[in-house]
Amino acid sequence: MELQVMNSPFNQEQVELLNRLLPTLTETQRIWLNGYLAALQGSANITISGAAPIATMVTSATVISKDVTVLFGSQTGKSQGLAKKMSKKLEERGFQVTLSSMSDFKPNALKKIQNLLILVSTHGEGEPPDNAISFYDFINSKRAPQLEDLRFSVLSLGDTSYELFCQTGKDFDKRLEELGGKRLAPRVDCDVDFDEPAAEWMNQVLSSLSEASTVTSTANPSGAAAESGAESEYSRTNPFQAEVLENLNLNGRGSDRETRHIEISLEGSNLQYEPGDCLGIYPENHPRLVDELIEALGWKAEELIIINKNGEKRSVREALLRNYEITLLTKPLLEQAAKLTASPELQQLLAAGNEQDLKAYLHGRDLLDLVQDYSFKGVSAADFVAILRKLPARLYSIASSSKAYPDEVHVTVRTVRYETQGRERYGVCSVQLSERINSGDTLPVYIQNNPNFKLPENAETPIIMIGPGTGVAPFRAFLGEREESGAEGKTWLFYGDQHFSTDFLYQVEWQKWLKDGVLSRMDVAFSRDTDKKVYVQHRMLEKSAELYKWLQEGACVYVCGDEKKMAHDVHATLATIIEQEGGFSTEEAAEYLARMQQQKRYQRDVY
């Protein structure tokens, strides 16, 4: 049986070549070729079995591949990482996948989509991340089309310590239903420990899609489609035990602040990072707080409890030190805690109508406060820790270029100490790094890639960096990278802190880069050195004409630091400068900034 041209999409010359080749292939060659074609086309529509001629493959193929669009909205890269993972799973099952950030997606194409997956984080107080804003605004506007043919599902990332937990994902889920869409799988809202619920959501979506489709797997026995390149075995779920090389206080004597510069060895980990990425550190709770908590609950520190689904056991003290979050109270935690005690006062605090009292109670208190304020005597350690969430890693903007410091990663961490409710409080990771980590000690770490905070591809593009306090950390990495790569684009840094004499972080390095031309110009604001407090946004306004000129030349703007106050003020200042210097209306200035975000010329790493 030979292939006839009329039965196939091939020309006569191709037909002759295929009919000569296929009968001669060995089993191994057929498997390899099948995998190659599947990987090349993202589909398993072509199957080579035995010595069957190509005519059989072409005329008997009835499998129809499904298109799936995967959109992500991500501030730190977590949603994007999960979106890539989901896309890979879909492709392995023969689906045609379009993966895109929401900022790159053309909203007008939404009407044509049949299968849509949304993976999105919630930023700040219920706000969408920067690269989701434009799509979020479109989907909630009158311009959004009816989507009766759409099947969708939403994976939402958030943090239960925020009042509007996973609000952006909830908004997308509700709005897509209002527009006529049908759910492939129910929305899943993930807390900071998102691995298991995210995996369950993926499985539900894959099952739902597979049931409605005849798509077959592109599994490749020979591994022809496997990704190349050596990847590190270490990750968020399998952190690397990294040795601390240096731990220095950057602030001068007399400063009200303590800022640690930590240098960490990545030798032997094969962990890779780029400027703009973050380092995840799994911290330990303060031993004093752990001991006070155990005493208040009347537990035995060495009692063994199960800490995970695998049945692994640890002592109560070890578990509270390393496994569970004990410094933060959330509404879900109090609701679970209320089931362990008959306290009428706690029930009243959680009752409808007392939302403001509850919000006030949650602010600034920890688990020890809860235990001391309400009666939990007699509650077993096993029952109590079962309601606690896992101790999450802390993410810090990387302050080094791997080109400048091979096999090392540096972070800049401000130590947090304060007193409230008559008791001293500690920043979990920052105080550990300050008080209990020395050179030679190890820390469990991983790299959190952040594709949304990256240097421009064109090394000649001017960059404007705005980073007061520890927000300057990634810009040390940016400039180190540009120095090593010989980039010639102009660079401008706005930096601020409290006092010039004690709080000018990395002062010597900035001065060297200014002298060498790696840093073209620098403007500083030290808020406590003058009668009137001066911040980075004031320096920006003073240089508004020149700053606008840089924007017109195509400069990229980067902002890193406090989201609640600084980032908001800087954004407003940028809008004011564009409005005044460009002669725009308020609305036009806002559109100018929105276009910059769309073009990835305005990127923020704020927290």
# chains A, B, ... in the order shown; residues from 1 in each chain; ligands from 1
$ residues_around --residues "region 164-181 of chain A" --least-positions-apart "6" --cutoff "9 Å" --atoms "only C-alpha atoms" --output "ChimeraX atom specification"
/A:118-129,136,139-140,144-158,187-191
$ select_by_dssp --residues "region 198-352 of chain A" --states "alpha helix (DSSP H)" --output "PyMOL selection string"
chain A and resi 198-211+287-297+316-322+331-337+344-349
$ select_by_dssp --residues "region 214-345 of chain A" --states "strand (DSSP E or B)" --output "PyMOL selection string"
chain A and resi 235+238+240-249+259-265+278-281+304-306+313-315+324
$ write_last_selection --atoms "N, CA and C atoms" --output "PDB file, in the first residue's frame"
ATOM      1  N   SER A 235      15.010  24.040  44.576  1.00  0.00           N
ATOM      2  CA  SER A 235      13.855  24.860  44.219  1.00  0.00           C
ATOM      3  C   SER A 235      13.153  25.299  45.496  1.00  0.00           C
ATOM      4  N   ASN A 238      12.520  22.358  47.452  1.00  0.00           N
ATOM      5  CA  ASN A 238      13.745  21.638  47.812  1.00  0.00           C
ATOM      6  C   ASN A 238      14.883  22.645  47.893  1.00  0.00           C
ATOM      7  N   PHE A 240      18.254  24.852  48.798  1.00  0.00           N
ATOM      8  CA  PHE A 240      19.685  24.549  48.913  1.00  0.00           C
ATOM      9  C   PHE A 240      20.210  25.082  50.237  1.00  0.00           C
ATOM     10  N   GLN A 241      20.966  24.254  50.938  1.00  0.00           N
ATOM     11  CA  GLN A 241      21.589  24.686  52.190  1.00  0.00           C
ATOM     12  C   GLN A 241      22.864  25.451  51.846  1.00  0.00           C
ATOM     13  N   ALA A 242      22.750  26.777  51.851  1.00  0.00           N
ATOM     14  CA  ALA A 242      23.824  27.635  51.366  1.00  0.00           C
ATOM     15  C   ALA A 242      24.636  28.211  52.521  1.00  0.00           C
ATOM     16  N   GLU A 243      25.932  28.247  52.339  1.00  0.00           N
ATOM     17  CA  GLU A 243      26.816  28.787  53.364  1.00  0.00           C
ATOM     18  C   GLU A 243      26.852  30.314  53.306  1.00  0.00           C
ATOM     19  N   VAL A 244      26.770  30.939  54.467  1.00  0.00           N
ATOM     20  CA  VAL A 244      26.885  32.390  54.569  1.00  0.00           C
ATOM     21  C   VAL A 244      28.373  32.765  54.586  1.00  0.00           C
ATOM     22  N   LEU A 245      28.756  33.644  53.651  1.00  0.00           N
ATOM     23  CA  LEU A 245      30.153  34.057  53.538  1.00  0.00           C
ATOM     24  C   LEU A 245      30.444  35.325  54.329  1.00  0.00           C
ATOM     25  N   GLU A 246      29.517  36.288  54.280  1.00  0.00           N
ATOM     26  CA  GLU A 246      29.683  37.557  54.993  1.00  0.00           C
ATOM     27  C   GLU A 246      28.336  38.010  55.533  1.00  0.00           C
ATOM     28  N   ASN A 247      28.360  38.669  56.686  1.00  0.00           N
ATOM     29  CA  ASN A 247      27.157  39.235  57.279  1.00  0.00           C
ATOM     30  C   ASN A 247      27.549  40.550  57.943  1.00  0.00           C
ATOM     31  N   LEU A 248      27.298  41.652  57.227  1.00  0.00           N
ATOM     32  CA  LEU A 248      27.785  42.952  57.674  1.00  0.00           C
ATOM     33  C   LEU A 248      26.644  43.924  57.918  1.00  0.00           C
ATOM     34  N   ASN A 249      26.838  44.824  58.888  1.00  0.00           N
ATOM     35  CA  ASN A 249      25.893  45.913  59.117  1.00  0.00           C
ATOM     36  C   ASN A 249      26.325  47.108  58.275  1.00  0.00           C
ATOM     37  N   THR A 259      20.925  47.531  58.859  1.00  0.00           N
ATOM     38  CA  THR A 259      20.705  46.931  57.553  1.00  0.00           C
ATOM     39  C   THR A 259      21.831  45.952  57.276  1.00  0.00           C
ATOM     40  N   ARG A 260      21.480  44.698  57.084  1.00  0.00           N
ATOM     41  CA  ARG A 260      22.486  43.654  56.896  1.00  0.00           C
ATOM     42  C   ARG A 260      22.775  43.435  55.413  1.00  0.00           C
ATOM     43  N   HIS A 261      24.034  43.352  55.083  1.00  0.00           N
ATOM     44  CA  HIS A 261      24.479  42.918  53.757  1.00  0.00           C
ATOM     45  C   HIS A 261      24.946  41.478  53.915  1.00  0.00           C
ATOM     46  N   ILE A 262      24.229  40.550  53.283  1.00  0.00           N
ATOM     47  CA  ILE A 262      24.509  39.124  53.437  1.00  0.00           C
ATOM     48  C   ILE A 262      25.049  38.581  52.118  1.00  0.00           C
ATOM     49  N   GLU A 263      26.236  37.972  52.166  1.00  0.00           N
ATOM     50  CA  GLU A 263      26.808  37.311  50.999  1.00  0.00           C
ATOM     51  C   GLU A 263      26.735  35.805  51.213  1.00  0.00           C
ATOM     52  N   ILE A 264      26.166  35.108  50.234  1.00  0.00           N
ATOM     53  CA  ILE A 264      25.839  33.688  50.374  1.00  0.00           C
ATOM     54  C   ILE A 264      26.447  32.915  49.216  1.00  0.00           C
ATOM     55  N   SER A 265      27.035  31.769  49.513  1.00  0.00           N
ATOM     56  CA  SER A 265      27.630  30.930  48.479  1.00  0.00           C
ATOM     57  C   SER A 265      26.571  30.030  47.839  1.00  0.00           C
ATOM     58  N   CYS A 278      14.755  37.348  42.809  1.00  0.00           N
ATOM     59  CA  CYS A 278      14.733  37.384  44.277  1.00  0.00           C
ATOM     60  C   CYS A 278      15.346  36.116  44.852  1.00  0.00           C
ATOM     61  N   LEU A 279      15.853  36.234  46.050  1.00  0.00           N
ATOM     62  CA  LEU A 279      16.323  35.073  46.796  1.00  0.00           C
ATOM     63  C   LEU A 279      15.290  34.742  47.863  1.00  0.00           C
ATOM     64  N   GLY A 280      14.842  33.500  47.868  1.00  0.00           N
ATOM     65  CA  GLY A 280      13.942  33.033  48.913  1.00  0.00           C
ATOM     66  C   GLY A 280      14.746  32.416  50.040  1.00  0.00           C
ATOM     67  N   ILE A 281      14.481  32.844  51.260  1.00  0.00           N
ATOM     68  CA  ILE A 281      15.154  32.288  52.446  1.00  0.00           C
ATOM     69  C   ILE A 281      14.092  31.731  53.386  1.00  0.00           C
ATOM     70  N   LEU A 304       6.580  14.691  70.480  1.00  0.00           N
ATOM     71  CA  LEU A 304       6.633  14.527  69.025  1.00  0.00           C
ATOM     72  C   LEU A 304       5.255  14.732  68.412  1.00  0.00           C
ATOM     73  N   ILE A 305       5.236  15.461  67.290  1.00  0.00           N
ATOM     74  CA  ILE A 305       3.989  15.665  66.556  1.00  0.00           C
ATOM     75  C   ILE A 305       4.251  15.441  65.070  1.00  0.00           C
ATOM     76  N   ILE A 306       3.205  15.091  64.334  1.00  0.00           N
ATOM     77  CA  ILE A 306       3.323  14.897  62.885  1.00  0.00           C
ATOM     78  C   ILE A 306       3.253  16.257  62.202  1.00  0.00           C
ATOM     79  N   LYS A 313       7.746  13.202  61.799  1.00  0.00           N
ATOM     80  CA  LYS A 313       7.552  13.719  63.152  1.00  0.00           C
ATOM     81  C   LYS A 313       8.712  14.611  63.572  1.00  0.00           C
ATOM     82  N   ARG A 314       8.367  15.625  64.350  1.00  0.00           N
ATOM     83  CA  ARG A 314       9.364  16.481  64.980  1.00  0.00           C
ATOM     84  C   ARG A 314       8.888  16.851  66.370  1.00  0.00           C
ATOM     85  N   SER A 315       9.818  17.292  67.198  1.00  0.00           N
ATOM     86  CA  SER A 315       9.411  17.763  68.513  1.00  0.00           C
ATOM     87  C   SER A 315       8.600  19.036  68.351  1.00  0.00           C
ATOM     88  N   TYR A 324       6.144  26.255  61.292  1.00  0.00           N
ATOM     89  CA  TYR A 324       4.844  26.932  61.366  1.00  0.00           C
ATOM     90  C   TYR A 324       4.988  28.437  61.597  1.00  0.00           C
TER      91      TYR A 324
END
$ closest_residue --among "A:Gly496, A:Pro275, A:Gly311, A:Pro462" --to "Val536 (chain A)" --atoms "only C-alpha atoms"
A:Gly496
$ residues_around --residues "region 385-391 of chain A" --least-positions-apart "4" --cutoff "8 Å" --atoms "only C-alpha atoms" --output "PyMOL selection string"
chain A and resi 193+282-283+322-326+333+336-337+381
$ residues_around --residues "region 501-510 of chain A" --least-positions-apart "3" --cutoff "7 Å" --atoms "only C-alpha atoms" --output "PyMOL selection string"
chain A and resi 250-253+255+497-498+513-514
$ closest_residue --among "A:Asp373, A:Glu484, A:Asp357, A:Asp383" --to "Ser343 (chain A)" --atoms "only C-alpha atoms"
A:Asp373
$ atom_distance --atom1 "CA of Lys600 (chain A)" --atom2 "CA of Ser79 (chain A)"
17.7 Å
$ closest_residue --among "A:Lys331, A:Arg417, A:Lys515, A:Arg539" --to "Leu362 (chain A)" --atoms "only C-alpha atoms"
A:Lys331
$ residues_around --residues "Met86 (chain A)" --least-positions-apart "6" --cutoff "12 Å" --atoms "only C-alpha atoms" --output "PDB file with N, CA, C and O atoms, in the first residue's frame"
ATOM      1  N   VAL A  68      -5.675  26.052  24.031  1.00  0.00           N
ATOM      2  CA  VAL A  68      -5.857  26.549  25.391  1.00  0.00           C
ATOM      3  C   VAL A  68      -5.014  27.813  25.556  1.00  0.00           C
ATOM      4  O   VAL A  68      -3.828  27.813  25.232  1.00  0.00           O
ATOM      5  N   THR A  69      -5.630  28.879  26.024  1.00  0.00           N
ATOM      6  CA  THR A  69      -4.910  30.122  26.301  1.00  0.00           C
ATOM      7  C   THR A  69      -4.659  30.222  27.800  1.00  0.00           C
ATOM      8  O   THR A  69      -5.591  30.106  28.600  1.00  0.00           O
ATOM      9  N   VAL A  70      -3.406  30.411  28.177  1.00  0.00           N
ATOM     10  CA  VAL A  70      -3.012  30.527  29.587  1.00  0.00           C
ATOM     11  C   VAL A  70      -2.495  31.946  29.807  1.00  0.00           C
ATOM     12  O   VAL A  70      -1.473  32.337  29.241  1.00  0.00           O
ATOM     13  N   LEU A  71      -3.217  32.716  30.603  1.00  0.00           N
ATOM     14  CA  LEU A  71      -2.832  34.095  30.901  1.00  0.00           C
ATOM     15  C   LEU A  71      -2.405  34.216  32.356  1.00  0.00           C
ATOM     16  O   LEU A  71      -3.047  33.660  33.243  1.00  0.00           O
ATOM     17  N   PHE A  72      -1.343  34.954  32.590  1.00  0.00           N
ATOM     18  CA  PHE A  72      -0.894  35.147  33.969  1.00  0.00           C
ATOM     19  C   PHE A  72      -0.749  36.627  34.292  1.00  0.00           C
ATOM     20  O   PHE A  72      -0.416  37.446  33.436  1.00  0.00           O
ATOM     21  N   SER A  79       3.070  33.439  39.879  1.00  0.00           N
ATOM     22  CA  SER A  79       1.981  33.065  38.975  1.00  0.00           C
ATOM     23  C   SER A  79       2.521  32.712  37.596  1.00  0.00           C
ATOM     24  O   SER A  79       2.032  31.786  36.943  1.00  0.00           O
ATOM     25  N   GLN A  80       3.530  33.439  37.161  1.00  0.00           N
ATOM     26  CA  GLN A  80       4.126  33.153  35.861  1.00  0.00           C
ATOM     27  C   GLN A  80       4.787  31.781  35.857  1.00  0.00           C
ATOM     28  O   GLN A  80       4.670  31.025  34.887  1.00  0.00           O
ATOM     29  N   GLU A  92       2.228  18.434  26.976  1.00  0.00           N
ATOM     30  CA  GLU A  92       2.550  17.011  27.071  1.00  0.00           C
ATOM     31  C   GLU A  92       1.350  16.128  26.755  1.00  0.00           C
ATOM     32  O   GLU A  92       1.505  14.968  26.391  1.00  0.00           O
ATOM     33  N   ARG A  93       0.159  16.720  26.875  1.00  0.00           N
ATOM     34  CA  ARG A  93      -1.069  15.982  26.563  1.00  0.00           C
ATOM     35  C   ARG A  93      -1.632  16.350  25.188  1.00  0.00           C
ATOM     36  O   ARG A  93      -2.766  16.024  24.870  1.00  0.00           O
ATOM     37  N   PHE A  95      -2.158  19.421  23.784  1.00  0.00           N
ATOM     38  CA  PHE A  95      -2.903  20.660  23.588  1.00  0.00           C
ATOM     39  C   PHE A  95      -2.016  21.726  22.947  1.00  0.00           C
ATOM     40  O   PHE A  95      -0.807  21.773  23.178  1.00  0.00           O
ATOM     41  N   VAL A  97      -1.005  25.344  23.090  1.00  0.00           N
ATOM     42  CA  VAL A  97      -1.053  26.311  24.191  1.00  0.00           C
ATOM     43  C   VAL A  97      -0.536  27.676  23.760  1.00  0.00           C
ATOM     44  O   VAL A  97       0.516  27.783  23.120  1.00  0.00           O
ATOM     45  N   THR A  98      -1.281  28.691  24.109  1.00  0.00           N
ATOM     46  CA  THR A  98      -0.817  30.078  23.989  1.00  0.00           C
ATOM     47  C   THR A  98      -0.591  30.604  25.403  1.00  0.00           C
ATOM     48  O   THR A  98      -1.537  30.735  26.181  1.00  0.00           O
ATOM     49  N   LEU A  99       0.658  30.867  25.743  1.00  0.00           N
ATOM     50  CA  LEU A  99       1.025  31.364  27.071  1.00  0.00           C
ATOM     51  C   LEU A  99       1.402  32.834  26.954  1.00  0.00           C
ATOM     52  O   LEU A  99       2.227  33.207  26.132  1.00  0.00           O
ATOM     53  N   LEU A 117      -7.358  29.783  30.783  1.00  0.00           N
ATOM     54  CA  LEU A 117      -6.896  29.573  32.153  1.00  0.00           C
ATOM     55  C   LEU A 117      -6.244  30.865  32.639  1.00  0.00           C
ATOM     56  O   LEU A 117      -5.385  31.432  31.948  1.00  0.00           O
ATOM     57  N   ILE A 118      -6.668  31.311  33.806  1.00  0.00           N
ATOM     58  CA  ILE A 118      -6.131  32.550  34.396  1.00  0.00           C
ATOM     59  C   ILE A 118      -5.399  32.197  35.686  1.00  0.00           C
ATOM     60  O   ILE A 118      -5.955  31.547  36.572  1.00  0.00           O
ATOM     61  N   LEU A 119      -4.139  32.600  35.765  1.00  0.00           N
ATOM     62  CA  LEU A 119      -3.349  32.435  36.981  1.00  0.00           C
ATOM     63  C   LEU A 119      -2.893  33.822  37.397  1.00  0.00           C
ATOM     64  O   LEU A 119      -2.139  34.482  36.667  1.00  0.00           O
ATOM     65  N   LEU A 155      -6.857  30.249  38.831  1.00  0.00           N
ATOM     66  CA  LEU A 155      -6.020  29.947  39.989  1.00  0.00           C
ATOM     67  C   LEU A 155      -5.559  31.278  40.559  1.00  0.00           C
ATOM     68  O   LEU A 155      -4.923  32.074  39.873  1.00  0.00           O
ATOM     69  N   ALA A 198      -2.295  24.359  44.173  1.00  0.00           N
ATOM     70  CA  ALA A 198      -2.057  24.651  42.755  1.00  0.00           C
ATOM     71  C   ALA A 198      -1.989  23.366  41.947  1.00  0.00           C
ATOM     72  O   ALA A 198      -2.533  23.285  40.836  1.00  0.00           O
ATOM     73  N   ALA A 199      -1.345  22.349  42.494  1.00  0.00           N
ATOM     74  CA  ALA A 199      -1.253  21.060  41.796  1.00  0.00           C
ATOM     75  C   ALA A 199      -2.632  20.425  41.652  1.00  0.00           C
ATOM     76  O   ALA A 199      -2.962  19.840  40.607  1.00  0.00           O
ATOM     77  N   GLU A 200      -3.456  20.532  42.691  1.00  0.00           N
ATOM     78  CA  GLU A 200      -4.816  19.978  42.627  1.00  0.00           C
ATOM     79  C   GLU A 200      -5.640  20.704  41.569  1.00  0.00           C
ATOM     80  O   GLU A 200      -6.400  20.077  40.820  1.00  0.00           O
ATOM     81  N   TRP A 201      -5.498  22.021  41.484  1.00  0.00           N
ATOM     82  CA  TRP A 201      -6.217  22.788  40.465  1.00  0.00           C
ATOM     83  C   TRP A 201      -5.793  22.349  39.068  1.00  0.00           C
ATOM     84  O   TRP A 201      -6.631  22.152  38.187  1.00  0.00           O
ATOM     85  N   MET A 202      -4.495  22.199  38.870  1.00  0.00           N
ATOM     86  CA  MET A 202      -3.999  21.763  37.567  1.00  0.00           C
ATOM     87  C   MET A 202      -4.586  20.416  37.169  1.00  0.00           C
ATOM     88  O   MET A 202      -5.011  20.215  36.021  1.00  0.00           O
ATOM     89  N   ASN A 203      -4.626  19.492  38.114  1.00  0.00           N
ATOM     90  CA  ASN A 203      -5.177  18.158  37.827  1.00  0.00           C
ATOM     91  C   ASN A 203      -6.660  18.231  37.484  1.00  0.00           C
ATOM     92  O   ASN A 203      -7.140  17.529  36.585  1.00  0.00           O
ATOM     93  N   GLN A 204      -7.402  19.078  38.188  1.00  0.00           N
ATOM     94  CA  GLN A 204      -8.831  19.226  37.902  1.00  0.00           C
ATOM     95  C   GLN A 204      -9.054  19.797  36.509  1.00  0.00           C
ATOM     96  O   GLN A 204      -9.911  19.328  35.757  1.00  0.00           O
ATOM     97  N   VAL A 205      -8.271  20.807  36.151  1.00  0.00           N
ATOM     98  CA  VAL A 205      -8.405  21.421  34.832  1.00  0.00           C
ATOM     99  C   VAL A 205      -8.031  20.437  33.733  1.00  0.00           C
ATOM    100  O   VAL A 205      -8.730  20.309  32.727  1.00  0.00           O
ATOM    101  N   LEU A 206      -6.929  19.722  33.917  1.00  0.00           N
ATOM    102  CA  LEU A 206      -6.495  18.737  32.920  1.00  0.00           C
ATOM    103  C   LEU A 206      -7.540  17.652  32.731  1.00  0.00           C
ATOM    104  O   LEU A 206      -7.824  17.225  31.607  1.00  0.00           O
TER     105      LEU A 206
END
